[in-house]
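A quick write-up on the structure given underneath.
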Amino acid sequence: QVQLVPSGGGLVQPGGSLRLSCAASGSVFNIAAMGWYRQAPGKQRELVATMQMAGGTNYADSVKGRFTISRDNAEYRVFLQMNGLNSEDTAVYYCHARSPYGIDFWGKGTLVTVAS
C-alpha cells in the first residue's frame with residue numbers, strides 16, 4: 001500500500017500563487033507516477049499534472065504555462081507550483097500515485113480557493 005499526504009492549499013487572490021506538496025510513504029517502490037487531480041464543485045475529477053518517476057510530465061491544457069510539477073529526488077515527494085491562479089482553478093486537489101500495474105492511490109483532498 002501507498003500512503004499519500006498532501007499539504008498546501010488555501011485561499012489566494014486571483015493572479016496569486018500557491019504550492020502544493022505530496023509525500024508518499026509505504027510501498028513507494030510500487031509507484032510509477034505521481035501527480036495531482038482536481039475536482040471543482042459540480043464537475044468531474046480531472047487531471048492537473050503528472051510526473052513519471054522515470055521522467056516525463058503531463059499537464060492539462062488549462063494549466064500549461066502556469067503550473068509546474070516537480071519532484072524531490074531524495075524522497076517520493078512531488079510539488080505543484082501554481083502561478084497565475086484564477087477562479088477556474090478553485091477546486092479540491094488530490095494527490096495521486098499509480099503503480100506500474102495501473103493501481104491508483106489517492107491522498108486526501110486539499111482545497112484551493114481563488115477569490116478576491
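Ligands are numbered from 1 in the order shown, chains are lettered A, B, ... in the order of the C-alpha cells, and residues start at 1 in each chain.
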Quick one: residues within 10 Å of Ala60 in chain A, only C-alpha atoms counted, chain neighbours fewer than 2 positions away excluded, as a PyMOL selection string? chain A and resi 37+46-50+58+62-64+67
Prev. selection, C-alpha atoms, output as an mmCIF file, in the first residue's frame:
data_model
loop_
_atom_site.group_PDB
_atom_site.id
_atom_site.type_symbol
_atom_site.label_atom_id
_atom_site.label_comp_id
_atom_site.auth_asym_id
_atom_site.auth_seq_id
_atom_site.Cartn_x
_atom_site.Cartn_y
_atom_site.Cartn_z
ATOM 1 C CA TYR A 37 -6.008 15.785 -9.942
ATOM 2 C CA GLU A 46 -9.741 15.902 -13.793
ATOM 3 C CA LEU A 47 -6.032 15.504 -14.259
ATOM 4 C CA VAL A 48 -3.931 18.558 -13.467
ATOM 5 C CA ALA A 49 -0.357 17.330 -13.804
ATOM 6 C CA THR A 50 1.508 14.079 -13.512
ATOM 7 C CA ASN A 58 1.952 15.699 -18.457
ATOM 8 C CA SER A 62 -5.793 24.617 -18.859
ATOM 9 C CA VAL A 63 -2.718 24.800 -16.612
ATOM 10 C CA LYS A 64 0.128 24.638 -19.105
ATOM 11 C CA PHE A 67 1.580 25.180 -13.163
#
If you run DSSP over the backbone, which residues in chain A end up helix (DSSP H, G or I)? Put them as a PyMOL selection string. chain A and resi 28-30+87-89
Given the selection you just returned, output its residues as a file containing N, CA and C atoms, formatted as a compact mmCIF listing (two decimals), in the first residue's frame.
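As written to disk, again-v6.txt reads:
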# COMPACT_ATOMS: atom_id res chain seq x y z
N VAL A 28 6.61 2.57 -1.58
CA VAL A 28 6.92 3.57 -2.62
C VAL A 28 7.57 2.94 -3.84
N PHE A 29 8.16 1.76 -3.68
CA PHE A 29 8.74 1.08 -4.83
C PHE A 29 7.66 0.72 -5.83
N ASN A 30 6.42 0.81 -5.37
CA ASN A 30 5.27 0.45 -6.18
C ASN A 30 4.71 1.64 -6.97
N SER A 87 -10.13 31.99 -10.88
CA SER A 87 -11.28 31.38 -10.20
C SER A 87 -11.57 29.97 -10.71
N GLU A 88 -11.21 29.70 -11.95
CA GLU A 88 -11.46 28.37 -12.50
C GLU A 88 -10.53 27.31 -11.92
N ASP A 89 -9.53 27.75 -11.20
CA ASP A 89 -8.63 26.81 -10.54
C ASP A 89 -9.16 26.41 -9.16
Name all residues at most 10 Å from Val2 in chain A (count only C-alpha atoms; drop same-chain ones fewer than 6 positions away) and give them as a VMD selection string. chain A and resid 24 to 31 97 to 99 104 to 107
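Of the listed residues (A:Met53, A:Leu18, A:Val5, A:Val92), A:Met53 comes nearest to Ser70 in chain A; the distances count only C-alpha atoms.
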Can you tell me which residues surround Asn83 in chain A at a distance of at most 12 Å, considering only C-alpha atoms, apart from same-chain residues fewer than 5 positions away, and format the answer as a PyMOL selection string? chain A and resi 12-20+63-69+89+114
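One finds CA of Met34 in chain A at 11.7 Å from CA of Asp72 in chain A.
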When DSSP is applied to the backbone of this structure, which of chain A are assigned strand (DSSP E)? Write them out as an MDAnalysis selection string. chainID A and resid 2:7 10:12 18:26 33:39 46:52 57:59 67:72 77:82 91:98 104:114
